[in-house]
Amino acid sequence: MAAPVTDKRTIEQIRKMGFKVVGDIEKRNNPNIEIPIRALSNIIYDKKTGQLMLGDKTSKRWFFNVAHSRKFMQTLMVMSFTKRLIDEKIHTSIRDMYYNLKHTLPDTNENTFEDQVESDPIIVDVEVALDILREQMHLTTDRKGIVAGNVVIRDRGDSIDWSKLGSGGWSIPSTVDEIDFKSVDAQFVLVVEKNAGFERLHEDKFWQKQKCILIGTGGQPSRGTRLLIQRLNQEHKLPVYVLTDCDSYGLYIYSVIKSGSMSLAHISERIATPSAKFLGLMMTDIYDYDLKKCTIKAKEVDIKRAKELLKYEWFNKNPKWVRQINLMIEKGVKAEIEALSHHGLKFMSEEYLPDKLKKKDFID
Amino acid sequence: MADRKKTAEEMAKEQKEISISEFFEKNKHLLGFDNPTKALLMCAKEAVDNALDACQEAGIVPDIVIKVRQLKDENYRISIQDNGPGVVKEQIPKVFGKLLYGSKFHTLKQNRGQQGIGISACVLYSQLTTGANTRVWSKTEKDKKTHYYELQINTRKNEPEIMKEEMQEPTFEHGTKIEMDVSGRYRKWVEDYLKQTSIANPFAKISYTAPDGTRTTFPRSVNELPKTAKEMNPHPYGIEFGIIQRMLVGTQSRSLVAFLTNEFSSVGNQTAKEICKVAKLDSNMKPADLGREHIEKVLTAIQKVKIQRPPTDCLSPIGKESLEESLKKEFPTAEFVISRSRDPDVYRGFPFQIEIGIVYGGNLKEETIELMRIANRVPLLYQAGACATTEAVKDTDWKRYGLNQQSNALPVGKMILIVHMASVWVPFVSESKEAIAPYPEIVKEMKLAIQDAGRELSRYLSGKRRVGEQKRRILIFERYSTEVAEALSNMTGKEKNDIEKKLKSFIGERVKINEQGEVEGIEGAKDEGEKEAKMPQSTEKKEKPKKEEQQTLKAKKPKEESEEEE
């Protein structure tokens, strides 16, 4: 990705907003910033693209409104901060930003930001208001997610070979826009929910044997991880398979990778991978691979959540999903990826996964 | 019958008259000398009360000087000097050396002292605790010499004993000075008492020197004496059997009608005849002929006949304006001072009048309010719990007036409340005159006065809150404008100061406090602070994976957007 181009656009968006607000002041209009609403009421599921999207409702943040004024100021401060980052060509964490912008307002005991909890949502407000990504604002978060495979990339001038990182794998940064893929030698991408699962497959050299790229998300995937999955899928046409625990949370992680999440509905388009397929662990696998002894009794909340999943269009339109989820509710059990170790520690990498891939036993 | 230890005859020999001085010698607490910390205060109080009464009666604007000096450990010397009319030579020993000697007991007139016990009780206490003589200087006229006495009280006889008597060269124009040595413990109470006395007597100048040498002067805030309270005859509604009996003996009137008309207030010929008629007594009956049953009949008739209220010119209230001036002088930092003076009312035939003062804010702390109780311009410092004022204050719902209050307690707030009762006869719960007896008529009148003042306070407080709130709102915009201008300057490359100037002038134009003290021109001014709906969390860091994503889309109730939708 050509960073300078996006930087130029980001700067332009910020300048436009600045001139608009200054214009408000000069024309004696109540200064305001228009921001698309991110509340649930404005989140819709776009059937065509298979993604969660923001609707077109917007709200205005006014300067002359005692309830808005503080946030109005904070929003402009974050925009201005972003421009400084781009001007100075540096990246920083959202926490750094919080500390950098935090100071006491003159003659008061009020701070510009009291807590990071206050500055974080403003970042998202700026994203949606200016139609830019946080990554484009040069803001980063902690690294989360690991990747390994026969891939060589270029990151800030350095060449990194994902196949030569020993036991660790490459930590996925929060900003992956700016990395360039030099060579990608793989047939598909396998995303594993759990770091333990990733470790097992990595040690078993699964990615080498199966010619794939292995990604561990460590729970709900970060934005960086999701964007990386999307880029591998779109730029290199690699199919994406997802392996999670067999419970409603696992299914939702899959759903977030595929359709985007509600809290980040405004950027689904840019980080979701609608063609991602669910590989396992399926309810039916429990019976097909004789894992009945290794199930866990589902809690009430698991069942409740599963019933909720059935209400989502992107699950209930597919009979295969309805069958899996109903089975989960009916049997009242769930299972972890680690249950596969019941048949031996290498069972997952040597039997279960090759078998599933061969049978193309996926759910879309 | 078993053996008796004593016979009635033997016992009779032991019985003898007890002198009033002996009685109080053993019952010091009845006069307020129940603990050593109160002794100095009682002396100051009795002497100052007398001085003020004397000056007022003589039409002299009082100038009082009090000095307290420590002699050793718990022995103090206290002197009180006034610029009053002085005491004639012959009277000096009795006024200071005999208990229950006074001019005020038999009259119905608003006075500070009533019984004639006060100052002689102090003399008695001084003599009991230190054995020292009490020194009195009195000078009645400019050209005369000063009479000097050293006195003790013969407690057996309740008579003064003159230990020394001489004429001295005058050191002051006229007035009385008394000096006593008493044992006691020094507390700030003397100052508190003098301060409150100054509030209740704005025409008096009081100077005080404490044992450590600190001098305090409470200047006068008005220069004229209040109008003199008139003496009044008793009103029939307040009369009791014994009193009427005594009055019948002393009267010069020749008939019952004349007796009723001459000796009572508010009783004219008509009313007097009406009483006689209702009592079924001959209106020409000679007062001397009225027996027990006749008196009973008169008393019963009095209650049945409608009699005019007593005159109120016998009262000398502090006055609304004077009280307010006085409070402003005493509490120069107070934010808000008001006073209320109710119309006179009557309890049991005695006219009385309630006055209220409120001092709010300034240096005062947010704590249980200070209640200053004053009766006939004399501060009451003890037995607050038994006092009618306390009952009236506790019984008022202060929350309605913007103060905090636990049930059945004094309210909490930055406030001093002054309650003054002026009356020809203040009903005290004890001889030490520390608490007003909570007669329902009195408590009710106090409550009405307090409520009236409370409403004014609440108007002030709510206005203050409103203006404060509006100012806060304007400040919000001003406070944020610097940051906004700085951000916009960086975003647009325009001059920061220029943007800030424009924004601030915009605030000035747009946000105005109108005459009602309301801010115009801002949205959300009526909002109760921030109501903005919680937006879904946005960053990975906060994305505790599973929980937050749990809401179903179906179950989406539009979350309230506080920012106005376009």
# chains A, B, ... in the order shown; residues from 1 in each chain; ligands from 1
call {"tool": "residues_around", "arguments": {"residues": "Glu114 (chain A)", "least_positions_apart": "5", "cutoff": "12 Å", "atoms": "only C-alpha atoms", "output": "JSON, numbers by chain"}}
result
{"A": [70, 71, 74, 98, 99, 101, 102, 103, 104, 105, 109, 119, 120]}
call {"tool": "select_by_dssp", "arguments": {"residues": "region 261-493 of chain B", "states": "strand (DSSP E or B)", "output": "ChimeraX atom specification"}}
result
/B:336-341,345-347,350-360,367-368,370-375,378-380,404,412-413,415-423,428,436
call {"tool": "select_by_dssp", "arguments": {"residues": "region 12-176 of chain A", "states": "helix (DSSP H, G or I)", "output": "MDAnalysis selection string"}}
result
chainID A and resid 12:26 40:42 69:87 94:101 116:130 135:137
call {"tool": "closest_atom_pairs", "arguments": {"of": "chain A", "to": "chain B", "cutoff": "7 Å", "atoms": "only C-alpha atoms", "output": "CSV"}}
result
residue,atom,partner,partner_atom,distance
A:Ile14,CA,B:Met491,CA,6.3
A:Arg15,CA,B:Met491,CA,5.3
A:Gly18,CA,B:Met491,CA,5.3
A:Phe19,CA,B:Thr492,CA,6.1
A:Ile25,CA,B:Leu503,CA,6.2
A:Arg28,CA,B:Phe506,CA,6.8
A:Arg38,CA,B:Met535,CA,6.5
A:Ala39,CA,B:Met535,CA,6.0
A:Leu40,CA,B:Lys556,CA,6.0
A:Ser41,CA,B:Pro558,CA,4.3
A:Thr58,CA,B:Glu565,CA,5.9
A:Ser59,CA,B:Glu565,CA,4.4
A:Lys60,CA,B:Glu563,CA,5.8
A:Arg61,CA,B:Glu563,CA,6.1
A:Phe64,CA,B:Ile522,CA,5.2
A:Asn65,CA,B:Glu523,CA,4.6
A:Val66,CA,B:Gly524,CA,5.8
A:Ala67,CA,B:Glu530,CA,4.7
A:Ser69,CA,B:Phe477,CA,6.9
A:Arg70,CA,B:Tyr480,CA,6.9
A:Met73,CA,B:Val484,CA,5.3
A:Leu76,CA,B:Ala487,CA,5.8
A:Met77,CA,B:Ala487,CA,5.3
A:Ser80,CA,B:Ala487,CA,5.1
A:Lys83,CA,B:Met491,CA,7.0
A:Leu105,CA,B:Arg479,CA,6.8
A:Asp120,CA,B:Thr539,CA,6.7
A:Pro121,CA,B:Ser538,CA,6.0
A:Val124,CA,B:Ser538,CA,6.1
A:Thr141,CA,B:Lys541,CA,6.9
A:Gly219,CA,B:Pro545,CA,6.5
A:Gln220,CA,B:Pro545,CA,4.7
A:Ser222,CA,B:Glu540,CA,5.7
A:Arg223,CA,B:Glu540,CA,6.8
A:Tyr249,CA,B:Lys546,CA,6.3
A:Met262,CA,B:Glu549,CA,6.7
A:Ser263,CA,B:Pro536,CA,5.2
A:Leu264,CA,B:Ser538,CA,6.4
A:Glu308,CA,B:Thr552,CA,6.2
A:Lys311,CA,B:Lys554,CA,7.0
call {"tool": "write_last_selection", "arguments": {"atoms": "N, CA and C atoms", "output": "compact mmCIF listing (two decimals), in the first residue's frame"}}
result
# COMPACT_ATOMS: atom_id res chain seq x y z
N ILE A 14 -8.92 16.15 7.26
CA ILE A 14 -8.79 16.93 8.49
C ILE A 14 -8.87 18.42 8.19
N ARG A 15 -8.18 18.84 7.13
CA ARG A 15 -8.20 20.26 6.75
C ARG A 15 -9.61 20.72 6.41
N GLY A 18 -11.51 21.24 9.46
CA GLY A 18 -11.04 22.46 10.14
C GLY A 18 -11.64 23.71 9.53
N PHE A 19 -11.59 23.80 8.21
CA PHE A 19 -12.12 24.99 7.53
C PHE A 19 -13.63 25.10 7.70
N ILE A 25 -17.68 29.40 12.77
CA ILE A 25 -17.42 30.48 13.74
C ILE A 25 -17.54 31.83 13.06
N ARG A 28 -20.98 32.83 12.29
CA ARG A 28 -21.83 32.84 13.49
C ARG A 28 -22.88 31.72 13.45
N ARG A 38 -23.07 5.54 15.73
CA ARG A 38 -22.52 4.19 15.82
C ARG A 38 -23.33 3.29 16.75
N ALA A 39 -24.47 3.79 17.19
CA ALA A 39 -25.29 2.99 18.10
C ALA A 39 -25.95 1.85 17.33
N LEU A 40 -26.40 0.87 18.05
CA LEU A 40 -27.01 -0.31 17.43
C LEU A 40 -28.12 0.06 16.45
N SER A 41 -28.82 1.16 16.78
CA SER A 41 -29.95 1.54 15.94
C SER A 41 -29.52 1.86 14.51
N THR A 58 -26.89 10.24 11.04
CA THR A 58 -25.76 10.95 11.64
C THR A 58 -26.26 11.84 12.77
N SER A 59 -25.32 12.27 13.58
CA SER A 59 -25.68 13.22 14.62
C SER A 59 -24.69 14.37 14.55
N LYS A 60 -25.05 15.46 15.18
CA LYS A 60 -24.12 16.59 15.17
C LYS A 60 -23.62 16.86 16.57
N ARG A 61 -22.38 17.14 16.66
CA ARG A 61 -21.78 17.49 17.94
C ARG A 61 -21.59 19.01 17.93
N PHE A 64 -21.95 24.90 21.09
CA PHE A 64 -22.81 25.59 22.05
C PHE A 64 -23.87 24.64 22.60
N ASN A 65 -23.43 23.61 23.23
CA ASN A 65 -24.35 22.71 23.90
C ASN A 65 -23.59 22.17 25.09
N VAL A 66 -24.09 22.46 26.28
CA VAL A 66 -23.31 22.09 27.47
C VAL A 66 -23.00 20.61 27.52
N ALA A 67 -23.88 19.80 26.89
CA ALA A 67 -23.65 18.36 26.95
C ALA A 67 -22.64 17.92 25.89
N SER A 69 -20.16 20.21 24.39
CA SER A 69 -19.03 21.11 24.22
C SER A 69 -17.68 20.44 24.49
N ARG A 70 -17.64 19.69 25.59
CA ARG A 70 -16.38 19.04 25.95
C ARG A 70 -15.95 18.06 24.87
N MET A 73 -14.66 19.72 21.78
CA MET A 73 -13.26 20.10 21.93
C MET A 73 -12.34 18.89 21.76
N LEU A 76 -11.91 17.75 18.13
CA LEU A 76 -10.97 18.59 17.37
C LEU A 76 -9.53 18.35 17.81
N MET A 77 -9.36 18.11 19.12
CA MET A 77 -7.99 17.86 19.61
C MET A 77 -7.41 16.60 18.98
N SER A 80 -6.55 17.23 15.34
CA SER A 80 -5.33 18.02 15.25
C SER A 80 -4.10 17.17 15.57
N LYS A 83 -3.15 15.07 12.68
CA LYS A 83 -2.44 15.81 11.63
C LYS A 83 -0.97 15.98 12.01
N LEU A 105 -7.07 22.16 31.92
CA LEU A 105 -7.53 23.39 31.27
C LEU A 105 -7.17 24.58 32.14
N ASP A 120 -10.47 7.03 23.82
CA ASP A 120 -10.62 5.94 22.84
C ASP A 120 -11.85 6.10 21.94
N PRO A 121 -13.04 6.35 22.54
CA PRO A 121 -14.21 6.49 21.65
C PRO A 121 -14.11 7.68 20.71
N VAL A 124 -12.65 6.70 17.43
CA VAL A 124 -13.61 6.07 16.51
C VAL A 124 -14.53 7.13 15.91
N THR A 141 -2.24 0.09 18.37
CA THR A 141 -2.57 -0.50 19.67
C THR A 141 -1.57 -1.62 19.94
N GLY A 219 -8.15 -15.22 20.85
CA GLY A 219 -9.47 -14.67 21.18
C GLY A 219 -10.02 -13.86 20.03
N GLN A 220 -10.79 -12.85 20.37
CA GLN A 220 -11.38 -12.00 19.33
C GLN A 220 -10.23 -11.35 18.55
N SER A 222 -7.79 -8.95 16.53
CA SER A 222 -7.59 -7.49 16.53
C SER A 222 -7.86 -6.96 15.14
N ARG A 223 -7.95 -5.64 15.05
CA ARG A 223 -8.17 -5.01 13.76
C ARG A 223 -7.05 -5.35 12.80
N TYR A 249 -19.37 -18.52 21.42
CA TYR A 249 -18.37 -17.46 21.30
C TYR A 249 -17.46 -17.73 20.11
N MET A 262 -20.11 -5.44 15.42
CA MET A 262 -21.05 -4.33 15.57
C MET A 262 -20.36 -3.06 16.00
N SER A 263 -19.36 -3.20 16.86
CA SER A 263 -18.73 -1.98 17.35
C SER A 263 -17.85 -1.35 16.27
N LEU A 264 -17.44 -2.14 15.30
CA LEU A 264 -16.61 -1.56 14.25
C LEU A 264 -17.32 -1.67 12.90
N GLU A 308 -29.47 -16.61 20.34
CA GLU A 308 -29.34 -15.28 19.72
C GLU A 308 -28.69 -15.39 18.34
N LYS A 311 -30.77 -15.89 15.48
CA LYS A 311 -31.57 -14.76 15.00
C LYS A 311 -30.81 -13.94 13.97
call {"tool": "residues_around", "arguments": {"residues": "Asp49 (chain B)", "least_positions_apart": "3", "cutoff": "9 Å", "atoms": "only C-alpha atoms", "output": "VMD selection string"}}
result
chain B and resid 44 to 46 52 to 54 112 to 113 377 to 378
call {"tool": "write_last_selection", "arguments": {"atoms": "N, CA and C atoms", "output": "tab-separated table (two decimals), in the first residue's frame"}}
result
chain	number	residue	atom	x	y	z
B	44	ALA	N	-20.20	38.42	84.03
B	44	ALA	CA	-20.23	39.36	82.93
B	44	ALA	C	-21.68	39.63	82.52
B	45	LYS	N	-22.42	38.53	82.42
B	45	LYS	CA	-23.80	38.62	81.94
B	45	LYS	C	-24.68	39.46	82.87
B	46	GLU	N	-24.62	39.18	84.14
B	46	GLU	CA	-25.49	39.90	85.07
B	46	GLU	C	-25.15	41.38	85.12
B	52	LEU	N	-27.03	47.67	80.84
B	52	LEU	CA	-27.85	48.03	79.68
B	52	LEU	C	-29.23	48.51	80.12
B	53	ASP	N	-29.81	47.80	81.07
B	53	ASP	CA	-31.12	48.23	81.58
B	53	ASP	C	-31.05	49.64	82.14
B	54	ALA	N	-30.03	49.90	82.95
B	54	ALA	CA	-29.91	51.20	83.60
B	54	ALA	C	-29.71	52.31	82.58
B	112	ARG	N	-34.41	43.39	80.98
B	112	ARG	CA	-33.51	42.26	80.90
B	112	ARG	C	-33.60	41.44	82.19
B	113	GLY	N	-33.45	42.17	83.29
B	113	GLY	CA	-33.54	41.47	84.58
B	113	GLY	C	-34.99	41.38	85.00
B	377	ARG	N	-33.39	40.90	74.54
B	377	ARG	CA	-32.05	41.39	74.18
B	377	ARG	C	-30.93	40.74	74.98
B	378	VAL	N	-31.23	39.67	75.71
B	378	VAL	CA	-30.18	38.98	76.46
B	378	VAL	C	-29.92	37.63	75.81
call {"tool": "residues_around", "arguments": {"residues": "region 134-140 of chain A", "least_positions_apart": "5", "cutoff": "10 Å", "atoms": "only C-alpha atoms", "output": "number ranges by chain"}}
result
A: 3, 6-11, 78-79, 81-86, 89-97, 123-124, 126-128, 173-178, 223-224, 267; B: 539-540
call {"tool": "residues_around", "arguments": {"residues": "Gln127 (chain B)", "least_positions_apart": "3", "cutoff": "9 Å", "atoms": "only C-alpha atoms", "output": "ChimeraX atom specification"}}
result
/B:122-124,130-134,152-153,180-182
call {"tool": "write_last_selection", "arguments": {"atoms": "N, CA and C atoms", "output": "PDB file, in the first residue's frame"}}
result
ATOM      1  N   CYS B 122     -23.923  36.952  91.974  1.00  0.00           N
ATOM      2  CA  CYS B 122     -22.516  36.952  91.587  1.00  0.00           C
ATOM      3  C   CYS B 122     -21.644  37.365  92.776  1.00  0.00           C
ATOM      4  N   VAL B 123     -22.116  38.359  93.493  1.00  0.00           N
ATOM      5  CA  VAL B 123     -21.392  38.810  94.684  1.00  0.00           C
ATOM      6  C   VAL B 123     -21.278  37.652  95.676  1.00  0.00           C
ATOM      7  N   LEU B 124     -22.395  36.938  95.828  1.00  0.00           N
ATOM      8  CA  LEU B 124     -22.418  35.798  96.738  1.00  0.00           C
ATOM      9  C   LEU B 124     -21.416  34.725  96.292  1.00  0.00           C
ATOM     10  N   THR B 130     -13.858  32.938  96.727  1.00  0.00           N
ATOM     11  CA  THR B 130     -12.553  33.562  96.995  1.00  0.00           C
ATOM     12  C   THR B 130     -12.503  34.302  98.327  1.00  0.00           C
ATOM     13  N   GLY B 131     -13.662  34.556  98.914  1.00  0.00           N
ATOM     14  CA  GLY B 131     -13.701  35.302 100.170  1.00  0.00           C
ATOM     15  C   GLY B 131     -13.465  36.791 100.002  1.00  0.00           C
ATOM     16  N   ALA B 132     -13.214  37.200  98.776  1.00  0.00           N
ATOM     17  CA  ALA B 132     -12.883  38.612  98.552  1.00  0.00           C
ATOM     18  C   ALA B 132     -14.131  39.484  98.623  1.00  0.00           C
ATOM     19  N   ASN B 133     -13.908  40.753  99.011  1.00  0.00           N
ATOM     20  CA  ASN B 133     -15.000  41.722  98.965  1.00  0.00           C
ATOM     21  C   ASN B 133     -15.291  42.085  97.519  1.00  0.00           C
ATOM     22  N   THR B 134     -16.550  42.440  97.258  1.00  0.00           N
ATOM     23  CA  THR B 134     -16.889  42.981  95.947  1.00  0.00           C
ATOM     24  C   THR B 134     -16.740  44.491  96.017  1.00  0.00           C
ATOM     25  N   GLN B 152     -19.867  42.528 101.350  1.00  0.00           N
ATOM     26  CA  GLN B 152     -20.057  41.079 101.470  1.00  0.00           C
ATOM     27  C   GLN B 152     -21.541  40.882 101.724  1.00  0.00           C
ATOM     28  N   ILE B 153     -22.010  39.657 101.591  1.00  0.00           N
ATOM     29  CA  ILE B 153     -23.408  39.383 101.920  1.00  0.00           C
ATOM     30  C   ILE B 153     -23.453  38.542 103.184  1.00  0.00           C
ATOM     31  N   MET B 180     -15.118  42.060  90.839  1.00  0.00           N
ATOM     32  CA  MET B 180     -15.263  40.868  91.683  1.00  0.00           C
ATOM     33  C   MET B 180     -14.108  39.916  91.417  1.00  0.00           C
ATOM     34  N   ASP B 181     -13.750  39.176  92.439  1.00  0.00           N
ATOM     35  CA  ASP B 181     -12.782  38.090  92.257  1.00  0.00           C
ATOM     36  C   ASP B 181     -13.559  36.798  92.362  1.00  0.00           C
ATOM     37  N   VAL B 182     -13.474  36.004  91.348  1.00  0.00           N
ATOM     38  CA  VAL B 182     -14.217  34.743  91.391  1.00  0.00           C
ATOM     39  C   VAL B 182     -13.302  33.607  90.980  1.00  0.00           C
TER      40      VAL B 182
END
call {"tool": "closest_residue", "arguments": {"among": "A:Phe63, A:Gly50, A:Ile271, A:His202", "to": "Val22 (chain A)", "atoms": "only C-alpha atoms"}}
result
A:Phe63
call {"tool": "residues_around", "arguments": {"residues": "Phe278 (chain A)", "least_positions_apart": "3", "cutoff": "9 Å", "atoms": "only C-alpha atoms", "output": "JSON, numbers by chain"}}
result
{"A": [240, 241, 242, 243, 244, 251, 254, 281, 282, 361, 362, 363, 364]}
call {"tool": "atom_distance", "arguments": {"atom1": "CA of Tyr382 (chain B)", "atom2": "CA of Glu370 (chain B)"}}
result
13.1 Å
call {"tool": "residues_around", "arguments": {"residues": "region 396-402 of chain B", "least_positions_apart": "3", "cutoff": "12 Å", "atoms": "only C-alpha atoms", "output": "compact mmCIF listing (two decimals) with N, CA and C atoms, in the first residue's frame"}}
result
# COMPACT_ATOMS: atom_id res chain seq x y z
N TYR B 360 -26.13 34.25 56.26
CA TYR B 360 -25.82 33.10 55.43
C TYR B 360 -24.51 33.29 54.67
N THR B 368 -23.87 22.03 61.26
CA THR B 368 -25.11 22.33 61.96
C THR B 368 -25.16 23.82 62.25
N ILE B 369 -26.27 24.44 61.96
CA ILE B 369 -26.33 25.90 62.07
C ILE B 369 -26.14 26.33 63.52
N THR B 389 -37.13 28.11 71.38
CA THR B 389 -36.53 28.44 70.08
C THR B 389 -36.04 27.17 69.40
N THR B 390 -35.35 26.31 70.16
CA THR B 390 -34.82 25.08 69.59
C THR B 390 -35.95 24.21 69.06
N GLU B 391 -37.01 24.14 69.85
CA GLU B 391 -38.15 23.34 69.41
C GLU B 391 -38.72 23.87 68.09
N ALA B 392 -38.86 25.19 68.02
CA ALA B 392 -39.42 25.80 66.81
C ALA B 392 -38.52 25.57 65.60
N VAL B 393 -37.20 25.66 65.79
CA VAL B 393 -36.28 25.48 64.67
C VAL B 393 -36.27 24.04 64.20
N GLN B 405 -31.34 18.66 56.56
CA GLN B 405 -31.84 18.50 57.92
C GLN B 405 -32.21 17.05 58.17
N GLN B 406 -31.69 16.54 59.28
CA GLN B 406 -32.12 15.22 59.74
C GLN B 406 -33.41 15.45 60.51
N SER B 407 -34.21 14.40 60.60
CA SER B 407 -35.48 14.62 61.27
C SER B 407 -35.23 14.96 62.74
N ASN B 408 -36.00 15.90 63.22
CA ASN B 408 -35.91 16.37 64.60
C ASN B 408 -34.51 16.83 65.00
N ALA B 409 -33.88 17.58 64.12
CA ALA B 409 -32.56 18.12 64.44
C ALA B 409 -32.46 19.52 63.86
N LEU B 410 -31.45 20.23 64.31
CA LEU B 410 -31.20 21.53 63.72
C LEU B 410 -30.72 21.31 62.30
N PRO B 411 -31.02 22.23 61.40
CA PRO B 411 -30.58 22.05 60.02
C PRO B 411 -29.07 22.22 59.88
N VAL B 412 -28.56 21.80 58.72
CA VAL B 412 -27.15 21.92 58.42
C VAL B 412 -26.99 22.91 57.27
N GLY B 413 -26.10 23.85 57.42
CA GLY B 413 -25.88 24.83 56.37
C GLY B 413 -24.97 25.92 56.87
N LYS B 414 -24.52 26.77 55.95
CA LYS B 414 -23.64 27.87 56.35
C LYS B 414 -24.49 29.00 56.89
N MET B 415 -25.02 28.81 58.06
CA MET B 415 -26.02 29.77 58.51
C MET B 415 -25.97 29.98 60.02
N VAL B 443 -44.09 28.92 70.66
CA VAL B 443 -43.43 28.09 69.64
C VAL B 443 -44.08 28.34 68.28
N LYS B 444 -45.39 28.43 68.28
CA LYS B 444 -46.11 28.62 67.01
C LYS B 444 -45.69 29.95 66.36
N GLU B 445 -45.64 30.98 67.15
CA GLU B 445 -45.27 32.30 66.63
C GLU B 445 -43.83 32.29 66.13
N MET B 446 -42.97 31.60 66.85
CA MET B 446 -41.57 31.49 66.40
C MET B 446 -41.49 30.79 65.07
N LYS B 447 -42.28 29.69 64.96
CA LYS B 447 -42.24 28.94 63.70
C LYS B 447 -42.71 29.80 62.53
N LEU B 448 -43.75 30.56 62.75
CA LEU B 448 -44.25 31.42 61.67
C LEU B 448 -43.18 32.42 61.24
N ALA B 449 -42.49 32.96 62.22
CA ALA B 449 -41.43 33.93 61.91
C ALA B 449 -40.30 33.25 61.15
N ILE B 450 -39.93 32.05 61.60
CA ILE B 450 -38.85 31.32 60.96
C ILE B 450 -39.22 30.98 59.51
N GLN B 451 -40.47 30.54 59.35
CA GLN B 451 -40.90 30.17 57.99
C GLN B 451 -40.84 31.37 57.05
N ASP B 452 -41.25 32.51 57.56
CA ASP B 452 -41.23 33.71 56.75
C ASP B 452 -39.80 34.03 56.31
N ALA B 453 -38.88 33.97 57.26
CA ALA B 453 -37.48 34.23 56.93
C ALA B 453 -36.94 33.12 56.03
N GLY B 454 -37.38 31.87 56.30
CA GLY B 454 -36.92 30.72 55.51
C GLY B 454 -37.27 30.87 54.04
N ARG B 455 -38.49 31.38 53.80
CA ARG B 455 -38.89 31.56 52.40
C ARG B 455 -37.97 32.55 51.69
N GLU B 456 -37.62 33.58 52.40
CA GLU B 456 -36.71 34.57 51.82
C GLU B 456 -35.34 33.94 51.55
N LEU B 457 -34.90 33.13 52.49
CA LEU B 457 -33.62 32.45 52.33
C LEU B 457 -33.66 31.54 51.10
N SER B 458 -34.76 30.81 50.98
CA SER B 458 -34.85 29.86 49.88
C SER B 458 -34.87 30.59 48.54
N ARG B 459 -35.52 31.76 48.50
CA ARG B 459 -35.50 32.55 47.26
C ARG B 459 -34.07 32.95 46.93
N TYR B 460 -33.36 33.34 47.96
CA TYR B 460 -31.98 33.75 47.73
C TYR B 460 -31.14 32.57 47.23
N LEU B 461 -31.29 31.44 47.92
CA LEU B 461 -30.47 30.27 47.58
C LEU B 461 -30.77 29.75 46.18
N SER B 462 -32.05 29.70 45.80
CA SER B 462 -32.35 29.15 44.49
C SER B 462 -31.89 30.12 43.40
N GLY B 463 -32.00 31.41 43.69
CA GLY B 463 -31.50 32.38 42.73
C GLY B 463 -30.00 32.24 42.56
N LYS B 464 -29.35 32.01 43.68
CA LYS B 464 -27.91 31.87 43.66
C LYS B 464 -27.49 30.62 42.88
N ARG B 465 -28.23 29.54 43.15
CA ARG B 465 -27.94 28.31 42.42
C ARG B 465 -28.13 28.51 40.93
call {"tool": "decode", "arguments": {"residues": "region 501-509 of chain B", "atoms": "N, CA and C atoms", "output": "compact mmCIF listing (two decimals), in the first residue's frame"}}
result
# COMPACT_ATOMS: atom_id res chain seq x y z
N LYS B 501 -10.02 34.67 19.29
CA LYS B 501 -10.69 35.95 19.48
C LYS B 501 -12.10 35.91 18.89
N LYS B 502 -12.17 35.37 17.68
CA LYS B 502 -13.48 35.28 17.02
C LYS B 502 -14.44 34.40 17.81
N LEU B 503 -13.89 33.28 18.31
CA LEU B 503 -14.74 32.34 19.03
C LEU B 503 -15.24 32.97 20.33
N LYS B 504 -14.34 33.67 21.01
CA LYS B 504 -14.74 34.26 22.29
C LYS B 504 -15.75 35.39 22.10
N SER B 505 -15.55 36.15 21.04
CA SER B 505 -16.54 37.22 20.81
C SER B 505 -17.87 36.59 20.43
N PHE B 506 -17.80 35.45 19.73
CA PHE B 506 -19.03 34.72 19.38
C PHE B 506 -19.73 34.26 20.66
N ILE B 507 -18.95 33.73 21.61
CA ILE B 507 -19.56 33.29 22.88
C ILE B 507 -20.25 34.47 23.55
N GLY B 508 -19.54 35.60 23.57
CA GLY B 508 -20.09 36.80 24.19
C GLY B 508 -21.39 37.23 23.54
N GLU B 509 -21.43 37.14 22.20
CA GLU B 509 -22.64 37.56 21.50
C GLU B 509 -23.78 36.60 21.72
